[in-house]
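**Student:** Pasting work-v9.pdb below, which is PDB, C-alpha atoms.
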```pdb
MODEL        1
ATOM      1  CA  MET E  22       9.210  19.165   6.154
ATOM      2  CA  ASP E  23       8.734  16.476   3.511
ATOM      3  CA  LEU E  24       6.942  13.682   5.339
ATOM      4  CA  THR E  25       5.397  10.346   4.360
ATOM      5  CA  ILE E  26       2.608   9.114   6.634
ATOM      6  CA  LEU E  27       1.197   5.604   6.866
ATOM      7  CA  TYR E  28      -2.214   5.997   8.496
ATOM      8  CA  ARG E  29      -4.060   3.065  10.043
ATOM      9  CA  GLY E  30      -7.196   3.837  12.033
ATOM     10  CA  PRO E  31      -9.328   1.442  14.068
ATOM     11  CA  LEU E  32     -11.306   0.100  11.075
ATOM     12  CA  ALA E  33     -10.990  -3.697  11.021
ATOM     13  CA  SER E  34     -14.054  -4.953   9.150
ATOM     14  CA  CYS E  35     -13.591  -6.329   5.655
ATOM     15  CA  ASP E  36     -15.992  -7.695   3.066
ATOM     16  CA  TYR E  37     -13.525 -10.525   2.303
ATOM     17  CA  ASP E  38     -12.387 -13.318   4.608
ATOM     18  CA  CYS E  39      -9.133 -14.471   3.001
ATOM     19  CA  PRO E  40      -7.757 -17.372   5.082
ATOM     20  CA  TYR E  41      -4.179 -16.142   4.596
ATOM     21  CA  CYS E  42      -4.834 -12.530   5.599
ATOM     22  CA  PRO E  43      -2.871 -11.471   8.706
ATOM     23  CA  PHE E  44      -5.228  -8.575   9.394
ATOM     24  CA  ALA E  45      -7.820  -8.525  12.144
ATOM     25  CA  LYS E  46     -11.084 -10.311  11.451
ATOM     26  CA  ARG E  47     -14.155  -8.734  12.967
ATOM     27  CA  ARG E  48     -17.424  -7.088  12.101
ATOM     28  CA  ASP E  49     -17.242  -3.508  13.290
ATOM     29  CA  SER E  50     -20.220  -2.277  15.271
ATOM     30  CA  SER E  51     -21.901   0.983  14.352
ATOM     31  CA  GLY E  52     -20.090   2.596  17.280
ATOM     32  CA  GLN E  53     -16.723   1.328  16.053
ATOM     33  CA  LEU E  54     -17.449   2.618  12.567
ATOM     34  CA  ARG E  55     -18.363   6.039  13.972
ATOM     35  CA  ALA E  56     -15.104   6.069  15.919
ATOM     36  CA  ASP E  57     -13.130   5.186  12.811
ATOM     37  CA  ARG E  58     -14.886   7.898  10.832
ATOM     38  CA  ALA E  59     -14.191  10.498  13.522
ATOM     39  CA  ALA E  60     -10.530   9.480  13.710
ATOM     40  CA  LEU E  61     -10.110   9.678   9.938
ATOM     41  CA  GLU E  62     -11.834  13.043   9.720
ATOM     42  CA  ARG E  63      -9.565  14.369  12.471
ATOM     43  CA  PHE E  64      -6.516  13.148  10.586
ATOM     44  CA  THR E  65      -7.757  14.619   7.307
ATOM     45  CA  GLU E  66      -8.339  18.011   8.943
ATOM     46  CA  TRP E  67      -4.844  17.903  10.440
ATOM     47  CA  ALA E  68      -3.252  16.997   7.107
ATOM     48  CA  ALA E  69      -5.159  19.746   5.307
ATOM     49  CA  ALA E  70      -3.838  22.321   7.781
ATOM     50  CA  GLN E  71      -0.143  21.401   7.308
ATOM     51  CA  THR E  72       0.348  23.830   4.457
ATOM     52  CA  GLY E  73       3.951  24.515   5.434
ATOM     53  CA  ASP E  74       4.913  20.874   4.861
ATOM     54  CA  ARG E  75       4.861  18.485   1.911
ATOM     55  CA  LEU E  76       2.912  15.359   2.799
ATOM     56  CA  SER E  77       2.459  11.962   1.175
ATOM     57  CA  VAL E  78      -0.198   9.737   2.725
ATOM     58  CA  LEU E  79      -0.836   6.013   2.399
ATOM     59  CA  PHE E  80      -3.907   4.577   4.098
ATOM     60  CA  THR E  81      -3.238   0.989   5.209
ATOM     61  CA  PRO E  82      -6.463  -0.056   6.984
ATOM     62  CA  TRP E  83      -6.816  -3.430   8.691
ATOM     63  CA  GLY E  84     -10.142  -3.720   6.899
ATOM     64  CA  GLU E  85     -11.436  -2.503   3.538
ATOM     65  CA  GLY E  86     -11.670   1.268   3.502
ATOM     66  CA  LEU E  87     -13.122   2.188   0.135
ATOM     67  CA  VAL E  88     -16.494   0.606   0.882
ATOM     68  CA  ARG E  89     -16.802   3.369   3.517
ATOM     69  CA  SER E  90     -17.776   6.816   2.279
ATOM     70  CA  TRP E  91     -15.425   8.606   4.676
ATOM     71  CA  TYR E  92     -12.340   7.003   3.132
ATOM     72  CA  ARG E  93     -13.444   7.962  -0.361
ATOM     73  CA  ARG E  94     -14.103  11.494   0.855
ATOM     74  CA  ALA E  95     -10.732  11.733   2.621
ATOM     75  CA  LEU E  96      -8.864  10.628  -0.498
ATOM     76  CA  THR E  97     -10.799  13.090  -2.627
ATOM     77  CA  GLU E  98     -10.293  16.051  -0.291
ATOM     78  CA  LEU E  99      -6.607  15.415   0.284
ATOM     79  CA  SER E 100      -5.916  14.895  -3.418
ATOM     80  CA  ARG E 101      -7.035  18.457  -4.156
ATOM     81  CA  LEU E 102      -4.582  20.109  -1.770
ATOM     82  CA  PRO E 103      -1.400  21.579  -3.267
ATOM     83  CA  HIS E 104       0.837  20.480  -0.368
ATOM     84  CA  ILE E 105      -0.225  16.823  -0.690
ATOM     85  CA  ARG E 106       2.294  15.135  -2.968
ATOM     86  CA  ARG E 107       0.466  11.779  -3.088
ATOM     87  CA  VAL E 108      -2.504  10.158  -1.350
ATOM     88  CA  ALA E 109      -3.091   6.432  -1.814
ATOM     89  CA  ILE E 110      -4.855   3.504  -0.195
ATOM     90  CA  GLN E 111      -4.499  -0.263  -0.109
ATOM     91  CA  THR E 112      -7.757  -1.797  -1.343
ATOM     92  CA  ASN E 113      -9.302  -5.038  -2.568
ATOM     93  CA  LEU E 114     -11.167  -2.963  -5.168
ATOM     94  CA  SER E 115     -14.558  -4.329  -4.139
ATOM     95  CA  CYS E 116     -16.051  -0.838  -4.127
ATOM     96  CA  ARG E 117     -17.514   0.921  -7.109
ATOM     97  CA  THR E 118     -15.030   2.968  -9.127
ATOM     98  CA  ASP E 119     -17.132   5.792 -10.559
ATOM     99  CA  TRP E 120     -16.537   7.948  -7.472
ATOM    100  CA  LEU E 121     -12.955   8.531  -8.581
ATOM    101  CA  THR E 122     -14.051  10.818 -11.396
ATOM    102  CA  GLU E 123     -17.473  11.907 -10.151
ATOM    103  CA  SER E 124     -16.098  13.223  -6.833
ATOM    104  CA  GLY E 125     -13.730  15.675  -8.458
ATOM    105  CA  ALA E 126     -10.622  13.978  -7.078
ATOM    106  CA  ASP E 127      -7.293  15.080  -8.503
ATOM    107  CA  LEU E 128      -6.091  11.977 -10.332
ATOM    108  CA  GLY E 129      -2.630  13.455 -10.610
ATOM    109  CA  THR E 130      -2.289  13.016  -6.850
ATOM    110  CA  LEU E 131      -4.584  10.109  -5.933
ATOM    111  CA  ALA E 132      -3.495   6.505  -6.504
ATOM    112  CA  LEU E 133      -4.612   2.986  -5.586
ATOM    113  CA  TRP E 134      -2.709  -0.099  -4.425
ATOM    114  CA  CYS E 135      -5.081  -2.915  -5.426
ATOM    115  CA  THR E 136      -4.951  -6.566  -4.428
ATOM    116  CA  TYR E 137      -6.669  -9.383  -6.288
ATOM    117  CA  HIS E 138      -7.876 -12.187  -4.030
ATOM    118  CA  PRO E 139      -8.864 -15.285  -6.060
ATOM    119  CA  GLY E 140     -11.782 -17.058  -4.458
ATOM    120  CA  GLN E 141     -13.091 -13.854  -2.885
ATOM    121  CA  THR E 142     -14.261 -12.091  -6.022
ATOM    122  CA  PRO E 143     -14.975 -13.264  -9.590
ATOM    123  CA  TYR E 144     -12.009 -12.771 -11.902
ATOM    124  CA  ASP E 145     -14.102 -11.045 -14.585
ATOM    125  CA  ARG E 146     -15.492  -8.561 -12.072
ATOM    126  CA  PHE E 147     -12.045  -7.640 -10.789
ATOM    127  CA  LEU E 148     -10.605  -7.313 -14.291
ATOM    128  CA  ALA E 149     -13.529  -5.112 -15.350
ATOM    129  CA  LYS E 150     -12.780  -2.752 -12.478
ATOM    130  CA  CYS E 151      -9.120  -2.601 -13.453
ATOM    131  CA  ARG E 152     -10.103  -1.745 -17.000
ATOM    132  CA  ASP E 153     -12.454   0.925 -15.697
ATOM    133  CA  LEU E 154      -9.630   2.449 -13.645
ATOM    134  CA  THR E 155      -7.477   2.545 -16.771
ATOM    135  CA  ALA E 156     -10.262   4.181 -18.784
ATOM    136  CA  ARG E 157     -10.726   6.824 -16.074
ATOM    137  CA  GLY E 158      -7.010   7.593 -15.974
ATOM    138  CA  VAL E 159      -6.526   6.386 -12.391
ATOM    139  CA  ARG E 160      -2.993   5.575 -11.303
ATOM    140  CA  PHE E 161      -2.900   2.086  -9.767
ATOM    141  CA  SER E 162      -0.962  -1.114  -9.258
ATOM    142  CA  VAL E 163      -2.374  -4.618  -8.898
ATOM    143  CA  GLY E 164      -1.001  -7.565  -7.010
ATOM    144  CA  VAL E 165      -1.564 -11.054  -5.689
ATOM    145  CA  VAL E 166      -0.222 -13.199  -2.872
ATOM    146  CA  GLY E 167       2.144 -15.867  -4.179
ATOM    147  CA  PHE E 168       0.313 -19.069  -3.344
ATOM    148  CA  PRO E 169       0.629 -21.926  -5.860
ATOM    149  CA  GLU E 170      -3.126 -22.028  -6.289
ATOM    150  CA  HIS E 171      -3.050 -18.353  -7.343
ATOM    151  CA  LEU E 172      -0.420 -18.762 -10.063
ATOM    152  CA  GLU E 173      -2.670 -19.462 -13.043
ATOM    153  CA  GLU E 174      -5.078 -16.684 -12.063
ATOM    154  CA  ALA E 175      -2.129 -14.307 -11.728
ATOM    155  CA  ARG E 176      -0.847 -15.293 -15.158
ATOM    156  CA  ARG E 177      -4.301 -14.780 -16.606
ATOM    157  CA  LEU E 178      -4.553 -11.355 -15.000
ATOM    158  CA  ARG E 179      -1.090 -10.288 -16.169
ATOM    159  CA  ALA E 180      -1.952 -11.223 -19.750
ATOM    160  CA  ALA E 181      -5.211  -9.259 -19.625
ATOM    161  CA  LEU E 182      -3.938  -6.068 -17.984
ATOM    162  CA  PRO E 183      -2.382  -3.261 -20.017
ATOM    163  CA  SER E 184       1.405  -3.567 -20.057
ATOM    164  CA  GLU E 185       1.785  -0.266 -18.229
ATOM    165  CA  VAL E 186      -0.079  -1.600 -15.180
ATOM    166  CA  TYR E 187       2.425  -3.110 -12.765
ATOM    167  CA  LEU E 188       1.479  -6.524 -11.378
ATOM    168  CA  TRP E 189       3.307  -7.190  -8.112
ATOM    169  CA  VAL E 190       3.543 -10.463  -6.201
ATOM    170  CA  ASN E 191       3.834 -10.695  -2.420
ATOM    171  CA  ALA E 192       5.559 -13.752  -1.026
ATOM    172  CA  ALA E 193       3.095 -15.632   1.168
ATOM    173  CA  GLU E 194       3.837 -15.102   4.844
ATOM    174  CA  GLY E 195       5.964 -17.908   6.279
ATOM    175  CA  ARG E 196       6.305 -19.680   2.936
ATOM    176  CA  SER E 197       9.642 -20.776   1.442
ATOM    177  CA  TYR E 198      10.044 -20.861  -2.334
ATOM    178  CA  THR E 199      12.269 -23.165  -4.305
ATOM    179  CA  ASP E 200      14.263 -21.520  -7.054
ATOM    180  CA  ALA E 201      11.891 -23.029  -9.600
ATOM    181  CA  GLU E 202       8.836 -21.669  -7.770
ATOM    182  CA  ALA E 203      10.440 -18.254  -7.346
ATOM    183  CA  GLY E 204      11.258 -18.241 -11.035
ATOM    184  CA  GLN E 205       7.608 -18.696 -11.937
ATOM    185  CA  TRP E 206       6.598 -15.697  -9.853
ATOM    186  CA  THR E 207       9.549 -13.623 -11.050
ATOM    187  CA  ALA E 208       8.410 -14.201 -14.625
ATOM    188  CA  LEU E 209       5.258 -12.301 -13.647
ATOM    189  CA  ASP E 210       6.872  -9.742 -11.340
ATOM    190  CA  PRO E 211      10.574  -9.045 -11.931
ATOM    191  CA  LEU E 212      10.706  -7.484  -8.460
ATOM    192  CA  PHE E 213       9.482 -10.639  -6.697
ATOM    193  CA  PRO E 214      13.031 -11.421  -5.482
ATOM    194  CA  TYR E 215      12.711  -8.474  -3.101
ATOM    195  CA  SER E 216       9.655 -10.117  -1.538
ATOM    196  CA  ARG E 217      10.900 -13.709  -1.562
ATOM    197  CA  HIS E 218      12.983 -13.499   1.628
ATOM    198  CA  PRO E 219      12.790 -11.246   4.704
ATOM    199  CA  HIS E 220      15.431  -8.537   4.610
ATOM    200  CA  ARG E 221      18.060  -8.371   7.328
ATOM    201  CA  SER E 222      17.496  -4.977   8.890
ATOM    202  CA  ALA E 223      18.981  -4.889  12.403
ATOM    203  CA  GLY E 224      21.178  -1.837  12.786
ATOM    204  CA  LEU E 225      20.658  -0.741   9.187
ATOM    205  CA  PRO E 226      19.580   2.792   8.284
ATOM    206  CA  CYS E 227      15.903   3.250   7.505
ATOM    207  CA  ARG E 228      13.910   6.318   6.558
ATOM    208  CA  THR E 229      11.178   5.445   9.048
ATOM    209  CA  GLY E 230      11.325   7.652  12.113
ATOM    210  CA  GLU E 231      12.913  10.441  10.094
ATOM    211  CA  SER E 232      10.952  11.164   6.910
ATOM    212  CA  VAL E 233       8.403   8.330   7.215
ATOM    213  CA  ILE E 234       6.051   7.743  10.144
ATOM    214  CA  SER E 235       3.116   5.528  11.107
ATOM    215  CA  VAL E 236       0.023   7.095  12.700
ATOM    216  CA  ASP E 237      -2.921   5.376  14.387
ATOM    217  CA  GLY E 238      -6.441   6.621  15.002
ATOM    218  CA  ASP E 239      -5.513   8.308  18.292
ATOM    219  CA  GLY E 240      -2.663  10.182  16.657
ATOM    220  CA  THR E 241       0.089   8.083  18.229
ATOM    221  CA  VAL E 242       3.156   8.301  16.009
ATOM    222  CA  ARG E 243       5.551   5.388  15.572
ATOM    223  CA  ARG E 244       8.398   4.977  13.150
ATOM    224  CA  CYS E 245       6.525   2.252  11.255
ATOM    225  CA  HIS E 246       3.729  -0.275  11.700
ATOM    226  CA  PHE E 247       6.188  -2.904  12.930
ATOM    227  CA  VAL E 248       8.076  -1.053  15.681
ATOM    228  CA  ARG E 249       5.755  -0.340  18.587
ATOM    229  CA  ALA E 250       7.787   2.317  20.417
ATOM    230  CA  GLY E 251       6.012   5.670  20.250
ATOM    231  CA  LEU E 252       7.575   8.902  18.984
ATOM    232  CA  GLY E 253       4.918  11.264  20.318
ATOM    233  CA  ASN E 254       1.524  12.410  19.125
ATOM    234  CA  LEU E 255       0.561  13.870  15.784
ATOM    235  CA  TYR E 256      -1.958  16.332  17.124
ATOM    236  CA  ASP E 257       0.118  17.991  19.838
ATOM    237  CA  GLY E 258       3.161  18.166  17.568
ATOM    238  CA  SER E 259       5.364  16.250  20.002
ATOM    239  CA  TYR E 260       6.409  13.782  17.299
ATOM    240  CA  ARG E 261       8.350  16.437  15.386
ATOM    241  CA  ARG E 262      11.049  16.670  18.035
ATOM    242  CA  ALA E 263      11.600  12.921  17.799
ATOM    243  CA  LEU E 264      12.218  12.750  14.048
ATOM    244  CA  ARG E 265      15.821  11.867  13.257
ATOM    245  CA  PRO E 266      17.857   9.257  11.353
ATOM    246  CA  ARG E 267      17.415   5.831  12.914
ATOM    247  CA  ALA E 268      18.684   2.308  12.462
ATOM    248  CA  CYS E 269      16.164  -0.514  12.437
ATOM    249  CA  PRO E 270      15.825  -2.246  15.839
ATOM    250  CA  LEU E 271      14.313  -5.426  14.397
ATOM    251  CA  ALA E 272      16.193  -8.456  13.131
ATOM    252  CA  ALA E 273      14.393  -8.542   9.791
ATOM    253  CA  CYS E 274      11.728  -6.775   7.751
ATOM    254  CA  ASP E 275       9.448  -8.880   5.568
ATOM    255  CA  CYS E 276       6.683  -6.495   4.481
ATOM    256  CA  HIS E 277       6.931  -4.234   1.447
ATOM    257  CA  ILE E 278       5.537  -1.183   3.253
ATOM    258  CA  GLY E 279       8.407  -1.595   5.701
ATOM    259  CA  TYR E 280      11.455  -2.669   3.713
ATOM    260  CA  VAL E 281      10.770  -0.264   0.852
ATOM    261  CA  HIS E 282      12.101   2.441   3.216
ATOM    262  CA  LEU E 283      15.394   0.683   4.044
ATOM    263  CA  GLU E 284      18.236   2.834   2.792
ATOM    264  CA  THR E 285      20.307  -0.259   1.998
ATOM    265  CA  LEU E 286      17.842  -1.251  -0.718
ATOM    266  CA  PRO E 287      17.484   0.667  -4.005
ATOM    267  CA  LEU E 288      13.686   0.683  -3.917
ATOM    268  CA  TYR E 289      13.293   4.458  -3.707
ATOM    269  CA  ASP E 290      15.014   4.530  -7.095
ATOM    270  CA  VAL E 291      13.070   1.541  -8.435
ATOM    271  CA  PHE E 292       9.744   3.071  -7.330
ATOM    272  CA  ALA E 293      10.692   6.716  -7.821
ATOM    273  CA  GLY E 294       7.449   8.687  -7.964
ATOM    274  CA  GLY E 295       5.382   5.663  -6.952
ATOM    275  CA  VAL E 296       6.646   4.404  -3.596
ATOM    276  CA  LEU E 297       3.269   4.634  -1.851
ATOM    277  CA  GLU E 298       1.173   3.071  -4.603
ATOM    278  CA  ARG E 299       3.878   0.506  -5.461
ATOM    279  CA  ILE E 300       4.401   1.567  -9.059
ATOM    280  CA  PRO E 301       7.945   1.295 -10.440
ATOM    281  CA  ARG E 302       9.590   4.152 -12.255
ATOM    282  CA  GLY E 303       9.323   4.227 -16.018
ATOM    283  CA  PRO E 304       7.092   2.364 -18.457
ATOM    284  CA  ALA E 305       6.340  -1.294 -17.953
ATOM    285  CA  GLU E 306       6.782  -2.938 -21.331
ATOM    286  CA  ALA E 307       5.223  -6.313 -21.812
ATOM    287  CA  SER E 308       6.602  -9.366 -23.473
ATOM    288  CA  GLN E 309       4.896 -12.047 -21.448
ATOM    289  CA  GLY E 310       4.367  -9.565 -18.676
ATOM    290  CA  GLN E 311       6.365  -6.476 -17.837
ATOM    291  CA  GLN E 312       9.927  -5.242 -18.011
ATOM    292  CA  ILE E 313      11.173  -3.383 -14.961
ATOM    293  CA  GLY E 314      14.721  -2.434 -14.418
ATOM    294  CA  PRO E 315      17.354  -2.345 -13.494
ATOM    295  CA  LEU E 316      16.842  -5.111 -10.918
ATOM    296  CA  ARG E 317      19.853  -5.229  -8.602
ATOM    297  CA  LEU E 318      20.008  -8.765  -7.303
ATOM    298  CA  ASP E 319      23.243  -7.994  -5.453
ATOM    299  CA  VAL E 320      21.374  -5.983  -2.797
ATOM    300  CA  ILE E 321      18.576  -8.468  -2.203
ATOM    301  CA  THR E 322      19.073 -10.249   1.134
TER     302      THR E 322
ENDMDL
END
```
Mind turning this structure into structure tokens?

**Tutor:**
Amino acid sequence: MDLTILYRGPLASCDYDCPYCPFAKRRDSSGQLRADRAALERFTEWAAAQTGDRLSVLFTPWGEGLVRSWYRRALTELSRLPHIRRVAIQTNLSCRTDWLTESGADLGTLALWCTYHPGQTPYDRFLAKCRDLTARGVRFSVGVVGFPEHLEEARRLRAALPSEVYLWVNAAEGRSYTDAEAGQWTALDPLFPYSRHPHRSAGLPCRTGESVISVDGDGTVRRCHFVRAGLGNLYDGSYRRALRPRACPLAACDCHIGYVHLETLPLYDVFAGGVLERIPRGPAEASQGQQIGPLRLDVIT
């Protein structure tokens, strides 16, 4: 089996408090942190034992994972395993970065999906960490949320990053963009049109539930983070019998980690080799920013 897993355990604490963040806001107790650690270690042990399968794993915690040693350890351990195609995590990059090379992680397998949050961290500090990742040979993408007040900081970051580092832009949740506004963001991220509007998905074929699954800390398997119906449990193997081609039951999909798997969109080709870490195929060549192609506007809904 060739399977992509989106893992989200109970961790919900974050060292940032972005007002626009849809994730849970809480300070985890020591007991909650122990539970999250135990759940992650159980998942890591399970993944390590699946030597007959090919796995790709993206950690999508509600909170910030890399400030916790067990997430760094899980990424390191999984990256060394020959049956792990890719292991990546969404992060605000507030953690130190030296662990990526000092831990012995396989940087051919490990990757980071980094988000810059203006107002939560100094620009120079974030840029320095990006430059350190580049110097260490870490595979990563960087992105921002498309609020007007973030535009100049995003432009500044795009100009400072190496051209080969992809800068993505997420449309702000619930926000409508005029064509002029969308054009400003598209100048930074040629793939922003995919994020600008929710994608009609009802009844359309999607890889989730067949070759892509979502797993929580208890091992409950769902097709994705956004469809709550369960498909079984990871640890008793019951989920395997439920895997099959499925159409999306929701009216629309507006999150990249969801719509990237829609078969009606060409994003598996656009991000070939970098779906989990959100890195497009091929070199990103900079004029003002980056050149990514081909961008098929005819399939953007």

**Student:** With a distance cut-off of 10 Å and only C-alpha atoms, select the neighbouring residues of Gly129 in chain E, excluding the residue or stretch itself and same-chain residues fewer than 4 positions from it, and output the selection as a PDB file with C-alpha atoms, in the frame of the given file.

**Tutor:**
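Result saved to part31.pdb:
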```pdb
ATOM      1  CA  SER E 100      -5.916  14.895  -3.418  1.00  0.00           C
ATOM      2  CA  ARG E 101      -7.035  18.457  -4.156  1.00  0.00           C
ATOM      3  CA  ARG E 106       2.294  15.135  -2.968  1.00  0.00           C
ATOM      4  CA  ARG E 107       0.466  11.779  -3.088  1.00  0.00           C
ATOM      5  CA  VAL E 108      -2.504  10.158  -1.350  1.00  0.00           C
ATOM      6  CA  GLY E 158      -7.010   7.593 -15.974  1.00  0.00           C
ATOM      7  CA  VAL E 159      -6.526   6.386 -12.391  1.00  0.00           C
ATOM      8  CA  ARG E 160      -2.993   5.575 -11.303  1.00  0.00           C
TER       9      ARG E 160
END
```

**Student:** Using only C-alpha atoms, which protein or nucleic acid residues come within 6 Å of Thr241 in chain E? Drop anything in the same chain fewer than 3 positions from it, and give the result as an mmCIF file with C-alpha atoms, keeping the file's coordinate frame.

**Tutor:**
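Output contents, as saved in out23.cif:
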```cif
data_model
loop_
_atom_site.group_PDB
_atom_site.id
_atom_site.type_symbol
_atom_site.label_atom_id
_atom_site.label_comp_id
_atom_site.auth_asym_id
_atom_site.auth_seq_id
_atom_site.Cartn_x
_atom_site.Cartn_y
_atom_site.Cartn_z
ATOM 1 C CA VAL E 236 0.023 7.095 12.700
ATOM 2 C CA ASP E 237 -2.921 5.376 14.387
ATOM 3 C CA ASN E 254 1.524 12.410 19.125
#
```

**Student:** Please provide the set of residues having any atom within 7 Å of Ala192 in chain E, restricted to all atoms listed in the file, with same-chain residues fewer than 2 positions apart removed, written as a list in words.

**Tutor:**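 In the requested format, the answer is Val166, Gly167, Val190, Glu194, Ser216 and Arg217 of chain E.
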
**Student:** How many Å lie between CA of Leu24 in chain E and CA of Arg244 in chain E, rounded to one decimal?

**Tutor:** 11.8 Å

**Student:** Using all atoms listed in the file, tabulate the residues of range 121-240 of chain E lying at most 9 Å from any atom of range 88-98 of chain E, each with its closest atom pair and that distance in Å to one decimal, by chain and increasing residue number, as CSV.

**Tutor:**
```
residue,atom,partner,partner_atom,distance
E:Leu121,CA,E:Thr97,CA,7.8
E:Ser124,CA,E:Thr97,CA,6.8
E:Gly125,CA,E:Thr97,CA,7.0
E:Ala126,CA,E:Thr97,CA,4.5
E:Asp127,CA,E:Thr97,CA,7.1
E:Leu131,CA,E:Leu96,CA,6.9
```

**Student:** Apply the PyMOL selection byres ((chain E and resi 49) around 9) to the displayed file and report the matching residues as a list of chain:residue names.

**Tutor:**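 After applying the PyMOL selection byres ((chain E and resi 49) around 9), what remains is E:Leu32, E:Ala33, E:Ser34, E:Cys35, E:Arg47, E:Arg48, E:Ser50, E:Ser51, E:Gly52, E:Gln53, E:Leu54.
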
**Student:** How would you write, as a list of chain:residue names, the residues chosen by the PyMOL selection byres ((chain E and resi 112-114) around 8) on this structure?

**Tutor:**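 Applied to this file, the PyMOL selection byres ((chain E and resi 112-114) around 8) returns E:Glu85, E:Gly86, E:Leu87, E:Ile110, E:Gln111, E:Ser115, E:Cys116, E:Arg117, E:Leu133, E:Trp134, E:Cys135, E:Thr136, E:Tyr137, E:His138, E:Phe147, E:Lys150.
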
**Student:** If the PyMOL selection byres ((chain E and resi 263) around 10) is run on the structure shown, which residues does it catch, given as a list in words?

**Tutor:** Gly230, Glu231, Val242, Arg243, Arg244, Gly251, Leu252, Gly253, Gly258, Ser259, Tyr260, Arg261, Arg262, Leu264, Arg265 and Pro266 of chain E

**Student:** Quick check, in Å to one decimal: how far apart do CA of Val233 in chain E and CA of His246 in chain E lie?

**Tutor:**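 Going from CA of Val233 in chain E over to CA of His246 in chain E, I get 10.8 Å.
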
**Student:** Here is a test: counting only C-alpha atoms, which residue of E:Pro143, E:Gly294, E:Pro219, E:Gly240 is nearest to Ala272 in chain E?

**Tutor:**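 Looking only at the distances to Ala272 in chain E, the closest residue turns out to be E:Pro219.
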
**Student:** Do you have, as JSON lines, the list of residues of range 60-88 of chain E lying at most 12 Å from range 274-292 of chain E, each with its nearest atom pair and that distance in Å to one decimal, counting all atoms listed in the file and ordered by chain then number?

**Tutor:**
```
{"residue": "E:Leu79", "atom": "CA", "partner": "E:Ile278", "partner_atom": "CA", "distance": 9.7}
{"residue": "E:Phe80", "atom": "CA", "partner": "E:Ile278", "partner_atom": "CA", "distance": 11.1}
{"residue": "E:Thr81", "atom": "CA", "partner": "E:Ile278", "partner_atom": "CA", "distance": 9.2}
```

**Student:** Store the residues picked out above in a file with C-alpha atoms, as an mmCIF file, in the coordinates of the input.

**Tutor:**
```cif
data_model
loop_
_atom_site.group_PDB
_atom_site.id
_atom_site.type_symbol
_atom_site.label_atom_id
_atom_site.label_comp_id
_atom_site.auth_asym_id
_atom_site.auth_seq_id
_atom_site.Cartn_x
_atom_site.Cartn_y
_atom_site.Cartn_z
ATOM 1 C CA LEU E 79 -0.836 6.013 2.399
ATOM 2 C CA PHE E 80 -3.907 4.577 4.098
ATOM 3 C CA THR E 81 -3.238 0.989 5.209
#
```

**Student:** Mind checking which residues fall within 9 Å of range 195-199 of chain E, counting all atoms listed in the file, ignoring those fewer than 2 positions away in the same chain, and posting them as a list in words?

**Tutor:** Phe168, Ala192, Ala193, Ala201, Glu202, Ala203, Gly204, Arg217 and His218 of chain E

**Student:** Identify, on the basis of only C-alpha atoms, every residue whose closest approach to Arg157 in chain E does not exceed 10 Å; exclude the query and any residue fewer than 2 positions from it along the same chain; express the result as an MDAnalysis selection string.

**Tutor:** chainID E and resid 118:119 121:122 128 151:155 159:160

**Student:** Measure the distance from CA of Thr142 in chain E to CA of Ala156 in chain E in Å and round it to one decimal.

**Tutor:**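 Atom-to-atom, CA of Thr142 in chain E and CA of Ala156 in chain E are spaced 21.1 Å apart.
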
**Student:** Quick one: axis-aligned box around all listed atoms of range 123-132 of chain E, 5 Å on every side, centre and edge lengths in Å to one decimal, written as JSON.

**Tutor:**
```
{"center_x": -9.9, "center_y": 11.1, "center_z": -8.3, "size_x": 25.2, "size_y": 19.2, "size_z": 14.7}
```

**Student:** Compute the distance from (14.3, -1.9, 11.0) to each atom, counting only C-alpha atoms, keep the residues with any atom at most 7 Å away, and return them as a list in words; use the coordinates of the file.

**Tutor:**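 Counting only C-alpha atoms, I find these residues within 7 Å of (14.3, -1.9, 11.0): Ser222, Ala223, Leu225, Cys227, Ala268, Cys269, Pro270, Leu271, Ala273 and Cys274 of chain E.
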
**Student:** Could you pull range 257-264 of chain E out of the structure just shown and give N, CA and C atoms as a PDB file, in the first residue's frame?

**Tutor:**
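Wrote it out as result_9.pdb, contents follow:
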```
ATOM      1  N   ASP E 257      -5.998  -1.325  15.045  1.00  0.00           N
ATOM      2  CA  ASP E 257      -6.531  -2.670  14.883  1.00  0.00           C
ATOM      3  C   ASP E 257      -6.645  -3.070  13.417  1.00  0.00           C
ATOM      4  N   GLY E 258      -6.225  -2.168  12.521  1.00  0.00           N
ATOM      5  CA  GLY E 258      -6.206  -2.470  11.102  1.00  0.00           C
ATOM      6  C   GLY E 258      -7.556  -2.402  10.417  1.00  0.00           C
ATOM      7  N   SER E 259      -8.605  -2.036  11.160  1.00  0.00           N
ATOM      8  CA  SER E 259      -9.948  -2.046  10.579  1.00  0.00           C
ATOM      9  C   SER E 259     -10.112  -1.024   9.462  1.00  0.00           C
ATOM     10  N   TYR E 260      -9.302   0.016   9.457  1.00  0.00           N
ATOM     11  CA  TYR E 260      -9.418   1.057   8.439  1.00  0.00           C
ATOM     12  C   TYR E 260      -9.101   0.536   7.045  1.00  0.00           C
ATOM     13  N   ARG E 261      -8.258  -0.492   6.955  1.00  0.00           N
ATOM     14  CA  ARG E 261      -7.792  -0.943   5.640  1.00  0.00           C
ATOM     15  C   ARG E 261      -8.940  -1.460   4.783  1.00  0.00           C
ATOM     16  N   ARG E 262      -9.910  -2.093   5.429  1.00  0.00           N
ATOM     17  CA  ARG E 262     -11.042  -2.635   4.678  1.00  0.00           C
ATOM     18  C   ARG E 262     -11.939  -1.533   4.119  1.00  0.00           C
ATOM     19  N   ALA E 263     -11.823  -0.345   4.714  1.00  0.00           N
ATOM     20  CA  ALA E 263     -12.696   0.762   4.304  1.00  0.00           C
ATOM     21  C   ALA E 263     -12.102   1.609   3.185  1.00  0.00           C
ATOM     22  N   LEU E 264     -10.841   1.420   2.859  1.00  0.00           N
ATOM     23  CA  LEU E 264     -10.196   2.259   1.856  1.00  0.00           C
ATOM     24  C   LEU E 264     -10.719   1.923   0.459  1.00  0.00           C
TER      25      LEU E 264
END
```
